[in-house]
Amino acid sequence: MMPDAERELAPPEPLDLGATLAFLRRGRGDPTQHTAEGSDAWRELWRAQRTPEGLASLRLRVLDGPPTAARRLLVSAWGPGAAWSLAHAPELLGEGDDWSGLDALLARRTAEGDAAAAALQRVRRRTRGLRLTRSHLVLEAAVPAVLEQKVTGVEARRAWRQLVRQHGAAAPGPVPAGLMVMPDGVGWRSIPDHDWHRAGVGPQRMATIRRVAAVAPALERTLALGRGGPAAVAALRSIPGVGEWTAAEVLQRSHGDPDTLSVGDAHLPHVIGTWFTGDRVDDAGMLDLLAPYAGHRHRVVRLITSLGVEAPRFGAKATIEDHRGR
């Protein structure tokens, strides 16, 4: 089946497709994304999107170079939202994400003898293909972020899979089996209470998602503000149940925000503290460590987490009370 729209893209620098777009995936079983298994998994990626112009399936295929350093990609799309998806594919793949400011900052601090900056500079050299994606899809970023409030990632991903499969729509085109488009704003608000309960979603998160879905068009308009920033944060946080952590998680994905931090995360401060100092820190400690990189703090977090750094974890693996929705 021929695509409804298709274009070839040649990033100005080699692109690491997996490092860039895995950030949008909610676990390996995410029904809105599909990659093949094995070492070459990220050579082809399928995404099911609900765009402002309708449903779309997007296939991104590496034509030249390895998936970690792609030089040319073929982007094909099916469905009413195909043209919209192709128009926004460059930013989805990181177009406009400018790392030159951070590169200059790291070079200067390294020259001044800053060991942490020198280490970050080495990580940056090894991960040149990493970009910050800008999906332009605020509701798509917001719903799973709310699902992740106050619970483990395993619980949140299970709820996302179950609700999308039950209440979403089949992705258009010759897509891999099981690829689904998430519900629209009306669809999320219409999910009955008992289905939320079966998915393990309590009344607070259910109510927050319904509130977010009710103002979805207004949230999409915050994209005109650019790549995040205080006004976009304030717009999201004006919704009861959406706190600092949730707003950051949304803006990092939908807007490509290079700076806003996920303050309130149960593990991130420990990861950042461990990398910089060898010790766990709290949110205040994380903010202190990242203060020299203001304007690029999320970029620094992505560099560090790209290494798979984990902080020591203590205690039983139980549901996490980190109050992300506050």
# chains A, B, ... in the order shown; residues from 1 in each chain; ligands from 1
call {"tool": "residues_around", "arguments": {"residues": "region 101-114 of chain A", "least_positions_apart": "4", "cutoff": "7 Å", "atoms": "only C-alpha atoms", "output": "list in words"}}
result
Ala118, Gln121 and His296 of chain A
call {"tool": "write_last_selection", "arguments": {"atoms": "N, CA and C atoms", "output": "PDB file, in the first residue's frame"}}
result
ATOM      1  N   ALA A 118      34.562  18.427  31.756  1.00  0.00           N
ATOM      2  CA  ALA A 118      35.409  17.626  30.865  1.00  0.00           C
ATOM      3  C   ALA A 118      34.805  16.248  30.635  1.00  0.00           C
ATOM      4  N   GLN A 121      31.849  16.614  28.398  1.00  0.00           N
ATOM      5  CA  GLN A 121      32.313  16.840  27.027  1.00  0.00           C
ATOM      6  C   GLN A 121      32.666  15.524  26.349  1.00  0.00           C
ATOM      7  N   HIS A 296      20.519  24.599  29.671  1.00  0.00           N
ATOM      8  CA  HIS A 296      20.814  23.307  29.031  1.00  0.00           C
ATOM      9  C   HIS A 296      20.702  22.160  30.030  1.00  0.00           C
TER      10      HIS A 296
END
call {"tool": "residues_around", "arguments": {"residues": "Val123 (chain A)", "least_positions_apart": "2", "cutoff": "9 Å", "atoms": "only C-alpha atoms", "output": "mmCIF file with N, CA and C atoms, in the first residue's frame"}}
result
data_model
loop_
_atom_site.group_PDB
_atom_site.id
_atom_site.type_symbol
_atom_site.label_atom_id
_atom_site.label_comp_id
_atom_site.auth_asym_id
_atom_site.auth_seq_id
_atom_site.Cartn_x
_atom_site.Cartn_y
_atom_site.Cartn_z
ATOM 1 N N ALA A 118 34.562 18.427 31.756
ATOM 2 C CA ALA A 118 35.409 17.626 30.865
ATOM 3 C C ALA A 118 34.805 16.248 30.635
ATOM 4 N N ALA A 119 34.257 15.653 31.704
ATOM 5 C CA ALA A 119 33.620 14.341 31.562
ATOM 6 C C ALA A 119 32.370 14.437 30.694
ATOM 7 N N LEU A 120 31.574 15.485 30.911
ATOM 8 C CA LEU A 120 30.388 15.681 30.072
ATOM 9 C C LEU A 120 30.773 15.901 28.611
ATOM 10 N N GLN A 121 31.849 16.614 28.398
ATOM 11 C CA GLN A 121 32.313 16.840 27.027
ATOM 12 C C GLN A 121 32.666 15.524 26.349
ATOM 13 N N ARG A 125 30.822 13.877 23.019
ATOM 14 C CA ARG A 125 31.510 13.416 21.810
ATOM 15 C C ARG A 125 31.038 12.023 21.407
ATOM 16 N N ARG A 126 30.744 11.187 22.409
ATOM 17 C CA ARG A 126 30.317 9.813 22.114
ATOM 18 C C ARG A 126 28.849 9.728 21.714
ATOM 19 N N THR A 127 28.086 10.773 21.981
ATOM 20 C CA THR A 127 26.637 10.733 21.713
ATOM 21 C C THR A 127 26.217 11.873 20.805
ATOM 22 N N ARG A 128 27.032 12.153 19.801
ATOM 23 C CA ARG A 128 26.750 13.297 18.923
ATOM 24 C C ARG A 128 25.420 13.142 18.186
ATOM 25 N N LEU A 303 22.365 13.531 28.517
ATOM 26 C CA LEU A 303 23.707 12.989 28.321
ATOM 27 C C LEU A 303 24.039 11.962 29.400
ATOM 28 N N ILE A 304 23.762 12.310 30.649
ATOM 29 C CA ILE A 304 24.096 11.414 31.754
ATOM 30 C C ILE A 304 23.258 10.142 31.703
ATOM 31 N N SER A 306 21.917 8.794 29.174
ATOM 32 C CA SER A 306 22.242 7.987 27.991
ATOM 33 C C SER A 306 23.296 6.938 28.301
ATOM 34 N N LEU A 307 24.042 7.146 29.398
ATOM 35 C CA LEU A 307 25.084 6.202 29.793
ATOM 36 C C LEU A 307 24.536 5.013 30.568
#
call {"tool": "closest_atom_pairs", "arguments": {"of": "region 102-201 of chain A", "to": "region 35-47 of chain A", "cutoff": "9 Å", "atoms": "only C-alpha atoms", "output": "JSON lines"}}
result
{"residue": "A:Ala171", "atom": "CA", "partner": "A:Arg47", "partner_atom": "CA", "distance": 8.9}
{"residue": "A:Val175", "atom": "CA", "partner": "A:Trp46", "partner_atom": "CA", "distance": 7.7}
{"residue": "A:Pro176", "atom": "CA", "partner": "A:Trp46", "partner_atom": "CA", "distance": 7.9}
{"residue": "A:Leu179", "atom": "CA", "partner": "A:Arg47", "partner_atom": "CA", "distance": 7.9}
{"residue": "A:Met180", "atom": "CA", "partner": "A:Arg47", "partner_atom": "CA", "distance": 8.8}
{"residue": "A:Val181", "atom": "CA", "partner": "A:Arg47", "partner_atom": "CA", "distance": 8.7}
call {"tool": "closest_atom_pairs", "arguments": {"of": "region 10-122 of chain A", "to": "region 140-155 of chain A", "cutoff": "9 Å", "atoms": "only C-alpha atoms", "output": "Markdown table"}}
result
| residue | atom | partner | partner_atom | distance |
| --- | --- | --- | --- | --- |
| A:Leu24 | CA | A:Ala141 | CA | 7.9 |
| A:Arg26 | CA | A:Pro144 | CA | 7.7 |
| A:Gly27 | CA | A:Val154 | CA | 8.3 |
| A:Gln49 | CA | A:Glu140 | CA | 8.3 |
| A:Arg50 | CA | A:Glu140 | CA | 8.0 |
call {"tool": "residues_around", "arguments": {"residues": "Trp188 (chain A)", "least_positions_apart": "6", "cutoff": "10 Å", "atoms": "only C-alpha atoms", "output": "short mmCIF file (atom, residue, chain, number, x, y, z; two decimals) with all heavy atoms, in the first residue's frame"}}
result
data_model
loop_
_atom_site.label_atom_id
_atom_site.label_comp_id
_atom_site.auth_asym_id
_atom_site.auth_seq_id
_atom_site.Cartn_x
_atom_site.Cartn_y
_atom_site.Cartn_z
N VAL A 143 -0.79 12.70 28.85
CA VAL A 143 -1.52 11.59 29.46
C VAL A 143 -0.59 10.57 30.11
O VAL A 143 -0.75 10.24 31.29
CB VAL A 143 -2.46 10.92 28.43
CG1 VAL A 143 -3.07 9.64 29.01
CG2 VAL A 143 -3.56 11.88 28.00
N LEU A 163 -5.14 0.98 28.40
CA LEU A 163 -6.12 2.00 28.03
C LEU A 163 -6.06 2.33 26.54
O LEU A 163 -7.10 2.52 25.90
CB LEU A 163 -5.88 3.26 28.86
CG LEU A 163 -6.21 3.10 30.36
CD1 LEU A 163 -5.67 4.29 31.15
CD2 LEU A 163 -7.71 2.95 30.57
N VAL A 164 -4.86 2.39 25.97
CA VAL A 164 -4.74 2.68 24.54
C VAL A 164 -5.30 1.53 23.72
O VAL A 164 -6.03 1.73 22.74
CB VAL A 164 -3.28 2.97 24.16
CG1 VAL A 164 -3.12 3.05 22.64
CG2 VAL A 164 -2.83 4.28 24.79
N HIS A 167 -9.24 1.63 24.25
CA HIS A 167 -10.02 2.81 23.86
C HIS A 167 -9.42 3.62 22.71
O HIS A 167 -10.03 4.60 22.28
CB HIS A 167 -10.19 3.72 25.08
CG HIS A 167 -10.98 3.09 26.18
ND1 HIS A 167 -12.36 3.02 26.17
CD2 HIS A 167 -10.57 2.47 27.33
CE1 HIS A 167 -12.79 2.41 27.26
NE2 HIS A 167 -11.72 2.05 27.98
N GLY A 168 -8.27 3.19 22.21
CA GLY A 168 -7.68 3.88 21.08
C GLY A 168 -8.27 3.39 19.76
O GLY A 168 -9.28 2.70 19.72
N MET A 182 -3.65 6.59 20.19
CA MET A 182 -4.31 6.85 21.48
C MET A 182 -5.63 7.58 21.27
O MET A 182 -5.88 8.18 20.22
CB MET A 182 -3.39 7.69 22.37
CG MET A 182 -3.28 9.13 21.95
SD MET A 182 -2.49 10.13 23.24
CE MET A 182 -3.12 11.77 22.79
N MET A 206 -7.02 9.75 37.28
CA MET A 206 -8.13 9.74 36.33
C MET A 206 -8.71 11.15 36.16
O MET A 206 -8.91 11.63 35.03
CB MET A 206 -9.23 8.80 36.82
CG MET A 206 -10.49 8.79 35.96
SD MET A 206 -11.83 7.83 36.74
CE MET A 206 -12.27 8.92 38.12
N ILE A 209 -6.25 13.50 34.25
CA ILE A 209 -6.23 13.25 32.80
C ILE A 209 -7.49 13.82 32.15
O ILE A 209 -7.43 14.43 31.07
CB ILE A 209 -6.08 11.75 32.50
CG1 ILE A 209 -4.65 11.30 32.87
CG2 ILE A 209 -6.37 11.44 31.03
CD1 ILE A 209 -4.42 9.82 32.80
N ARG A 210 -8.62 13.68 32.80
CA ARG A 210 -9.84 14.25 32.24
C ARG A 210 -9.76 15.77 32.17
O ARG A 210 -10.22 16.38 31.20
CB ARG A 210 -11.05 13.81 33.08
CG ARG A 210 -11.43 12.35 32.86
CD ARG A 210 -12.52 11.91 33.82
NE ARG A 210 -13.01 10.57 33.48
CZ ARG A 210 -13.84 9.86 34.25
NH1 ARG A 210 -14.25 10.37 35.42
NH2 ARG A 210 -14.24 8.66 33.88
N ARG A 211 -9.16 16.39 33.18
CA ARG A 211 -9.01 17.85 33.14
C ARG A 211 -8.04 18.27 32.04
O ARG A 211 -8.27 19.26 31.33
CB ARG A 211 -8.52 18.34 34.51
CG ARG A 211 -9.59 18.34 35.59
CD ARG A 211 -9.14 19.10 36.83
NE ARG A 211 -8.08 18.42 37.55
CZ ARG A 211 -8.29 17.61 38.59
NH1 ARG A 211 -9.52 17.37 39.03
NH2 ARG A 211 -7.27 17.04 39.20
N VAL A 212 -6.94 17.54 31.90
CA VAL A 212 -5.99 17.84 30.84
C VAL A 212 -6.64 17.69 29.47
O VAL A 212 -6.50 18.54 28.58
CB VAL A 212 -4.75 16.92 30.96
CG1 VAL A 212 -3.88 17.03 29.71
CG2 VAL A 212 -3.94 17.28 32.19
N ALA A 213 -7.39 16.60 29.29
CA ALA A 213 -8.04 16.35 28.00
C ALA A 213 -9.06 17.43 27.67
O ALA A 213 -9.25 17.78 26.50
CB ALA A 213 -8.70 14.98 28.02
N ALA A 214 -9.70 17.99 28.69
CA ALA A 214 -10.73 19.02 28.47
C ALA A 214 -10.14 20.30 27.90
O ALA A 214 -10.84 21.06 27.22
CB ALA A 214 -11.47 19.30 29.77
#
call {"tool": "select_by_dssp", "arguments": {"residues": "region 70-172 of chain A", "states": "strand (DSSP E)", "output": "list in words"}}
result
Arg72, Leu73, Leu74, Val75, Ser76, Ala77, Trp78, Ala169 and Ala170 of chain A
call {"tool": "write_last_selection", "arguments": {"atoms": "C-alpha atoms", "output": "PDB file, in the first residue's frame"}}
result
ATOM      1  CA  ARG A  72      19.499   9.787   5.349  1.00  0.00           C
ATOM      2  CA  LEU A  73      16.017   8.651   6.364  1.00  0.00           C
ATOM      3  CA  LEU A  74      12.863   7.908   4.430  1.00  0.00           C
ATOM      4  CA  VAL A  75       9.732   9.115   6.218  1.00  0.00           C
ATOM      5  CA  SER A  76       6.425   7.638   5.017  1.00  0.00           C
ATOM      6  CA  ALA A  77       2.971   8.394   6.384  1.00  0.00           C
ATOM      7  CA  TRP A  78      -0.568   7.082   6.052  1.00  0.00           C
ATOM      8  CA  ALA A 169      -8.059   3.399  17.328  1.00  0.00           C
ATOM      9  CA  ALA A 170      -6.276   1.124  14.880  1.00  0.00           C
TER      10      ALA A 170
END
call {"tool": "closest_residue", "arguments": {"among": "A:Ala266, A:Ala48, A:Leu21, A:Ala235", "to": "Thr133 (chain A)", "atoms": "only C-alpha atoms"}}
result
A:Leu21
